[in-house]
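Q: Here you go, protein-v7.cif (mmCIF, C-alpha atoms):
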```
data_entry
#
loop_
_atom_site.label_atom_id
_atom_site.label_comp_id
_atom_site.auth_asym_id
_atom_site.auth_seq_id
_atom_site.Cartn_x
_atom_site.Cartn_y
_atom_site.Cartn_z
CA MET N 190 65.13 -162.32 58.75
CA GLY N 191 61.62 -163.15 59.70
CA THR N 192 60.54 -160.31 61.96
CA ALA N 193 60.77 -156.57 62.16
CA ALA N 194 62.96 -157.06 65.21
CA SER N 195 65.83 -157.58 62.81
CA LEU N 196 66.01 -153.81 62.49
CA PRO N 197 67.89 -151.98 65.25
CA GLN N 198 65.71 -150.23 67.77
CA PRO N 199 67.36 -147.21 69.47
CA GLU N 200 67.31 -147.59 73.22
CA ALA N 201 69.02 -146.47 76.38
CA PRO N 202 72.75 -147.27 76.28
CA PRO N 203 73.41 -150.74 77.71
CA SER N 204 75.00 -151.23 81.13
CA LEU N 205 78.55 -152.49 81.33
CA ASP N 206 77.17 -155.32 83.39
CA GLU N 207 74.13 -156.41 81.42
CA GLY N 208 71.27 -158.12 83.15
CA ALA N 209 68.70 -155.48 83.98
CA PRO N 210 65.25 -157.04 83.40
CA THR N 211 63.83 -153.88 81.86
CA PRO N 212 65.58 -151.05 79.97
CA PRO N 213 66.38 -148.14 82.30
CA THR N 214 65.20 -144.62 81.69
CA ALA N 215 67.76 -142.10 80.44
CA SER N 216 68.25 -140.59 83.92
CA GLN N 217 68.53 -144.03 85.52
CA SER N 218 71.08 -145.03 82.92
CA VAL N 219 73.23 -141.97 83.66
CA GLU N 220 72.97 -142.56 87.41
CA ALA N 221 73.93 -146.21 86.98
CA ALA N 222 76.85 -145.28 84.74
CA ASP N 223 78.14 -142.74 87.25
CA ALA N 224 77.83 -145.24 90.11
CA ASP N 225 79.71 -147.87 88.09
CA ALA N 226 82.33 -145.28 87.19
CA ALA N 227 82.88 -144.32 90.84
CA ARG N 228 83.36 -147.95 91.91
CA LEU N 229 85.69 -148.72 89.02
CA PHE N 230 87.67 -145.52 89.45
CA ASP N 231 88.21 -146.28 93.12
CA ARG N 232 89.88 -149.58 92.23
CA PHE N 233 92.34 -147.85 89.86
CA ARG N 234 92.85 -144.67 91.84
CA LEU N 235 96.51 -144.06 92.74
CA ARG N 236 97.46 -144.19 96.41
CA GLY N 237 100.61 -144.38 98.51
CA GLU N 238 103.67 -145.64 96.63
CA GLN N 239 101.85 -145.63 93.30
CA LEU N 240 101.12 -141.93 93.68
CA ASP N 241 104.69 -141.27 94.83
CA ALA N 242 105.99 -143.01 91.70
CA LEU N 243 103.75 -140.89 89.51
CA ASN N 244 104.91 -137.68 91.19
CA GLU N 245 108.54 -138.70 90.64
CA GLU N 246 107.84 -139.27 86.95
CA ARG N 247 106.15 -135.89 86.72
CA ARG N 248 109.08 -134.14 88.42
CA ARG N 249 111.56 -135.76 86.05
CA ALA N 250 109.52 -134.63 83.07
CA ASP N 251 108.91 -131.16 84.47
CA PRO N 252 110.64 -129.97 87.68
CA LEU N 253 107.92 -127.36 88.13
CA ALA N 254 105.04 -129.86 87.88
CA PRO N 255 102.91 -129.68 91.05
CA ALA N 256 102.82 -132.81 93.18
CA LEU N 257 99.54 -134.67 93.31
CA ALA N 258 98.08 -135.68 96.65
CA GLU N 259 95.70 -138.54 97.38
CA ALA N 260 92.97 -135.94 97.80
CA ASP N 261 93.40 -135.08 94.11
CA ALA N 262 91.97 -138.55 93.30
CA VAL N 263 93.60 -139.49 90.02
CA MET N 264 94.26 -142.62 88.01
CA ARG N 265 96.70 -143.13 85.17
CA THR N 266 95.19 -142.52 81.74
CA ALA N 267 97.23 -145.49 80.52
CA GLU N 268 95.11 -147.70 82.78
CA LEU N 269 91.88 -146.73 81.03
CA ARG N 270 91.81 -149.75 78.75
CA ALA N 271 92.57 -152.09 81.67
CA ALA N 272 89.80 -150.52 83.76
CA LEU N 273 87.24 -151.06 81.03
CA ALA N 274 88.50 -154.60 80.51
CA GLU N 275 88.03 -155.31 84.23
CA ALA N 276 84.40 -154.27 83.75
CA GLY N 277 84.14 -156.86 80.97
CA ASP N 278 84.40 -154.40 78.09
CA ALA N 279 87.30 -154.89 75.66
CA VAL N 280 87.85 -151.73 73.64
CA ASP N 281 90.63 -150.61 71.33
CA GLY N 282 91.21 -148.74 68.09
CA ALA N 283 89.27 -145.58 67.28
CA PRO N 284 86.72 -145.99 70.11
CA LEU N 285 89.55 -146.25 72.67
CA PHE N 286 91.32 -143.21 71.20
CA GLU N 287 88.12 -141.17 71.57
CA LEU N 288 87.78 -142.26 75.19
CA VAL N 289 91.40 -141.40 75.99
CA GLN N 290 90.91 -137.92 74.53
CA LEU N 291 87.82 -137.49 76.70
CA ALA N 292 89.56 -138.80 79.82
CA ASP N 293 92.72 -136.74 79.45
CA PRO N 294 92.17 -133.79 77.08
CA GLU N 295 95.32 -132.00 78.31
CA ALA N 296 97.50 -135.12 77.98
CA GLU N 297 98.53 -134.93 81.65
CA GLY N 298 98.83 -138.68 81.92
CA VAL N 299 96.09 -138.83 84.56
CA THR N 300 92.33 -138.66 84.67
CA ARG N 301 89.95 -137.69 87.47
CA LEU N 302 86.57 -139.04 88.45
CA PRO N 303 84.39 -136.52 86.53
CA GLN N 304 86.30 -137.24 83.32
CA PHE N 305 86.27 -140.98 84.00
CA ALA N 306 82.51 -140.90 84.57
CA ALA N 307 82.12 -139.11 81.23
CA VAL N 308 84.20 -141.89 79.65
CA ILE N 309 81.89 -144.58 81.03
CA ARG N 310 78.81 -142.73 79.77
CA ARG N 311 80.38 -142.23 76.35
CA ARG N 312 81.43 -145.89 76.16
CA ARG N 313 77.85 -146.97 76.77
CA GLU N 314 76.75 -144.75 73.90
CA GLN N 315 79.44 -146.30 71.70
CA ARG N 316 78.29 -149.80 72.58
CA ALA N 317 74.65 -148.94 71.88
CA LYS N 318 75.63 -147.66 68.42
CA GLU N 319 77.77 -150.72 67.80
CA ALA N 320 74.84 -152.98 68.69
CA GLN N 321 72.48 -151.04 66.43
CA LEU N 322 74.97 -151.19 63.57
CA ALA N 323 75.33 -154.96 64.02
CA GLN N 324 71.54 -155.40 63.92
CA LEU N 325 71.23 -153.15 60.89
CA THR N 326 73.98 -155.06 59.08
CA ALA N 327 72.27 -158.37 59.85
CA ALA N 328 68.98 -157.05 58.44
CA TYR N 329 70.73 -155.68 55.36
CA LEU N 330 72.49 -159.00 54.67
CA ALA N 331 69.24 -160.92 55.23
CA LEU N 332 67.64 -158.76 52.54
CA GLY N 333 70.37 -159.76 50.09
CA GLY N 334 72.99 -157.11 50.80
CA THR N 335 76.71 -157.63 50.37
CA ALA N 336 79.53 -157.58 52.91
CA ASP N 337 80.96 -154.39 51.39
CA ARG N 338 77.55 -152.68 51.80
CA GLU N 339 77.68 -151.50 48.20
CA ALA N 340 74.59 -153.28 46.85
CA ALA N 341 71.09 -151.87 47.10
CA VAL N 342 68.49 -154.35 48.36
CA SER N 343 64.84 -154.86 47.49
CA SER N 344 62.57 -153.20 50.01
CA ALA N 345 59.52 -155.39 49.27
CA LYS N 346 60.01 -157.94 52.09
CA LEU N 347 61.08 -155.26 54.52
CA LEU N 348 57.99 -153.15 53.85
CA ALA N 349 55.66 -156.14 54.13
CA ILE N 350 57.10 -157.18 57.49
CA THR N 351 57.31 -153.72 59.01
CA SER N 352 53.77 -152.89 57.82
CA ASP N 353 52.49 -155.91 59.76
CA PHE N 354 54.28 -154.76 62.89
CA VAL N 355 53.90 -150.99 62.91
CA GLY N 356 51.28 -150.19 60.28
CA ARG N 357 51.36 -148.56 56.88
CA ALA N 358 51.32 -144.99 58.16
CA ALA N 359 54.60 -145.51 60.03
CA VAL N 360 56.14 -147.23 56.99
CA GLU N 361 55.07 -144.41 54.67
CA HIS N 362 56.53 -141.89 57.11
CA SER N 363 59.82 -143.80 57.03
CA LEU N 364 59.88 -143.98 53.25
CA GLU N 365 59.35 -140.22 53.10
CA ALA N 366 62.41 -139.85 55.33
CA VAL N 367 64.41 -141.94 52.83
CA VAL N 368 63.29 -139.72 49.95
CA LYS N 369 64.28 -136.60 51.91
CA HIS N 370 67.66 -138.19 52.59
CA LYS N 371 68.15 -138.86 48.87
CA MET N 372 67.13 -135.29 48.06
CA LYS N 373 70.03 -133.99 50.14
CA SER N 374 72.47 -135.34 47.56
CA VAL N 375 71.08 -132.95 44.94
CA GLN N 376 70.09 -130.08 47.21
CA GLU N 377 73.23 -128.09 46.43
CA ILE N 378 72.43 -128.24 42.72
CA LEU N 379 68.86 -127.15 43.39
CA ASP N 380 70.04 -124.29 45.60
CA MET N 381 72.14 -123.04 42.70
CA GLY N 382 69.07 -122.91 40.48
CA GLY N 383 69.32 -126.39 38.98
CA VAL N 384 66.22 -128.39 38.15
CA LEU N 385 65.59 -132.11 38.30
CA ASP N 386 64.22 -133.68 35.15
CA GLU N 387 61.41 -136.20 35.37
CA GLU N 388 63.70 -139.23 35.26
CA GLU N 389 65.91 -137.87 38.07
CA ARG N 390 62.89 -137.10 40.22
CA ARG N 391 61.49 -140.59 39.70
CA GLU N 392 64.84 -142.07 40.67
CA ILE N 393 64.91 -140.09 43.91
CA GLU N 394 61.33 -141.02 44.76
CA ASP N 395 61.91 -144.70 43.95
CA THR N 396 62.20 -146.68 47.19
CA THR N 397 61.86 -150.17 45.71
CA LYS N 398 65.56 -150.62 46.43
CA LEU N 399 67.48 -149.27 49.42
CA THR N 400 71.19 -148.79 49.98
CA PHE N 401 72.72 -149.57 53.37
CA ASP N 402 72.63 -145.87 54.33
CA GLU N 403 69.01 -145.58 53.21
CA LEU N 404 68.10 -148.66 55.24
CA GLU N 405 69.63 -146.96 58.27
CA VAL N 406 67.55 -143.84 57.59
CA PHE N 407 64.45 -146.01 57.22
CA SER N 408 65.16 -147.82 60.50
CA ARG N 409 65.71 -144.59 62.43
CA ALA N 410 62.56 -143.01 61.01
CA LEU N 411 60.57 -146.16 61.76
CA TYR N 412 61.56 -145.86 65.41
CA ASP N 413 60.65 -142.16 65.45
CA ALA N 414 57.31 -142.98 63.83
CA GLY N 415 56.39 -145.05 66.87
CA ASN N 416 55.99 -141.77 68.75
CA LEU N 417 53.77 -140.31 66.04
CA PHE N 418 51.24 -143.04 65.38
CA SER N 419 49.09 -144.78 67.97
CA SER N 420 48.54 -148.51 67.83
CA SER N 421 44.89 -147.97 66.95
CA THR N 422 45.89 -145.86 63.96
CA ASP N 423 48.33 -148.52 62.90
CA ASP N 424 45.59 -151.15 63.02
CA GLU N 425 43.37 -149.02 60.83
CA ASP N 426 46.15 -148.38 58.32
CA ALA N 427 47.01 -152.08 58.19
CA THR N 428 43.46 -152.96 57.17
CA PRO N 429 43.33 -153.78 53.41
#
```
As a first step, turn the structure in this file into structure tokens.
A:
Amino acid sequence: MGTAASLPQPEAPPSLDEGAPTPPTASQSVEAADADAARLFDRFRLRGEQLDALNEERRRADPLAPALAEADAVMRTAELRAALAEAGDAVDGAPLFELVQLADPEAEGVTRLPQFAAVIRRRREQRAKEAQLAQLTAAYLALGGTADREAAVSSAKLLAITSDFVGRAAVEHSLEAVVKHKMKSVQEILDMGGVLDEEERREIEDTTKLTFDELEVFSRALYDAGNLFSSSTDDEDATP
């Protein structure tokens, strides 16, 4: 941990085939995802004997099931994992289950291009979150955190580094977000007429140590602060 880059920076979801020299805009990312989805879907789309075999399975399961024609453009939902793997993306467990539900919400056993395109877009979002979580975990461990994410870590080094990179105003904004996050844990008590004593208030306002969740809040707010403070303001705030 030697730079503020250790903290995850939210960005456009990564492409399944990485290698773009600059991050795409949100609309470009969606267009690229849909184009990738169409090409991949076409390779797994059922035709000829494969489609005949599917229709026979459907008739055996339900004699009244309508036959699917090639114009219906379907692929087997069971091939979803293989399709993603062909694109170089191994996925299983809970992320795969979510994608299957998105691809085939009615459990028909098939998915169509619009649903498959939604799967590809959602998978890119999943991968972006996975990458951010990995970066956040690395930063947390570098600050002295534990593998179980139970320990709170000192914020001193983190604040010093991020102040150098983004300025004190952005850091203070992010610390305020952490305090607001901590206040949520007692908000229900306050809404019922409870009152915090001085010691409890000091504990909530104390940001000298951060839990893993609080570090995530800090990181997200730090990114948001980049849209609130200009670089010139940051330079002024960083002046002793």
Q: Using all atoms listed in the file for the distances, tell me which of N:Leu348, N:Lys318, N:Ala296, N:Asp241 is nearest to Glu361 in chain N.
A: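 Nearest to Glu361 in chain N: N:Leu348.
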Q: Go through N:Val280, N:Leu404, N:Val299, N:Phe305 one by one, measure the shortest atom-to-atom distance of each to Leu229 in chain N using only C-alpha atoms, and give the residue with the smallest value.
A: N:Phe305
Q: Do a neighbour search on Val308 in chain N at 12 Å with only C-alpha atoms, toss out local chain neighbours closer than 4 positions, and write the hits as a PyMOL selection string.
A: chain N and resi 219+222-223+225-227+229-230+266+269-270+272-273+284-294+300-304+312-315
Q: Identify which of the residues N:Leu240, N:Val367, N:Met381, N:Ala414 lies closest to Thr396 in chain N, counting all atoms listed in the file when measuring atom-to-atom distances.
A: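 Checking each candidate against Thr396 in chain N, we get N:Val367 as the closest.
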Q: Could you jot down the CA of Ser352 in chain N to CA of Asp337 in chain N separation for me, Å, one decimal place?
A: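 Straight-line distance from CA of Ser352 in chain N to CA of Asp337 in chain N works out to 28.0 Å.
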Q: Could you please determine the separation between CA of Gly356 in chain N and CA of Tyr412 in chain N in Å, to one decimal place?
A: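 Separation between CA of Gly356 in chain N and CA of Tyr412 in chain N: 12.3 Å.
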Q: Work out how far CA of Ala336 in chain N is from CA of Arg391 in chain N, in Å to one decimal.
A: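 Interatomic distance, CA of Arg391 in chain N to CA of Ala336 in chain N: 28.1 Å.
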Q: Going by the chain IDs and residue numbers used in this file, which residues fall under the PyMOL selection byres ((chain N and resi 408) around 9)? Write them as a PyMOL selection string.
A: chain N and resi 196-198+325+363+403-407+409-413
Q: Write a file of the just-selected residues containing C-alpha atoms, as an mmCIF file, keeping the file's coordinate frame.
A:
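The new file selection_5.cif reads:
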```cif
data_model
loop_
_atom_site.group_PDB
_atom_site.id
_atom_site.type_symbol
_atom_site.label_atom_id
_atom_site.label_comp_id
_atom_site.auth_asym_id
_atom_site.auth_seq_id
_atom_site.Cartn_x
_atom_site.Cartn_y
_atom_site.Cartn_z
ATOM 1 C CA LEU N 196 66.010 -153.810 62.490
ATOM 2 C CA PRO N 197 67.890 -151.980 65.250
ATOM 3 C CA GLN N 198 65.710 -150.230 67.770
ATOM 4 C CA LEU N 325 71.230 -153.150 60.890
ATOM 5 C CA SER N 363 59.820 -143.800 57.030
ATOM 6 C CA GLU N 403 69.010 -145.580 53.210
ATOM 7 C CA LEU N 404 68.100 -148.660 55.240
ATOM 8 C CA GLU N 405 69.630 -146.960 58.270
ATOM 9 C CA VAL N 406 67.550 -143.840 57.590
ATOM 10 C CA PHE N 407 64.450 -146.010 57.220
ATOM 11 C CA ARG N 409 65.710 -144.590 62.430
ATOM 12 C CA ALA N 410 62.560 -143.010 61.010
ATOM 13 C CA LEU N 411 60.570 -146.160 61.760
ATOM 14 C CA TYR N 412 61.560 -145.860 65.410
ATOM 15 C CA ASP N 413 60.650 -142.160 65.450
#
```
Q: Tell me which of N:Glu238, N:Glu365, N:Glu387, N:Glu275 sits closest to Glu259 in chain N, counting only C-alpha atoms.
A: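 Of N:Glu238, N:Glu365, N:Glu387, N:Glu275, the one nearest Glu259 in chain N, counting only C-alpha atoms, is N:Glu238.
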Q: Restricting the calculation to all atoms listed in the file, which member of N:Met372, N:Ala307, N:Leu257, N:Leu364 is positioned closest to Thr351 in chain N?
A: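 Distance minimum relative to Thr351 in chain N lands on N:Leu364.
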Q: Please enumerate the residues selected by the PyMOL selection byres ((chain N and resi 340) around 12) when evaluated against the supplied file, formatted as a list in words.
A: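 After applying the PyMOL selection byres ((chain N and resi 340) around 12), what remains is Tyr329, Leu330, Leu332, Gly333, Gly334, Thr335, Ala336, Asp337, Arg338, Glu339, Ala341, Val342, Ser343, Lys398, Leu399, Thr400, Phe401, Asp402, Glu403 and Leu404 of chain N.
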Q: Considering all atoms listed in the file, can you say which of N:Glu389, N:Asp251, N:Asp231, N:Asp281 comes closest to Lys371 in chain N?
A: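 Residue with the minimum atom-to-atom distance to Lys371 in chain N: N:Glu389.
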Q: Could you list, as a ChimeraX atom specification, every residue within 10 Å of Arg247 in chain N, counting all atoms listed in the file and ignoring same-chain residues fewer than 6 positions away?
A: /N:241,253-257,297-298
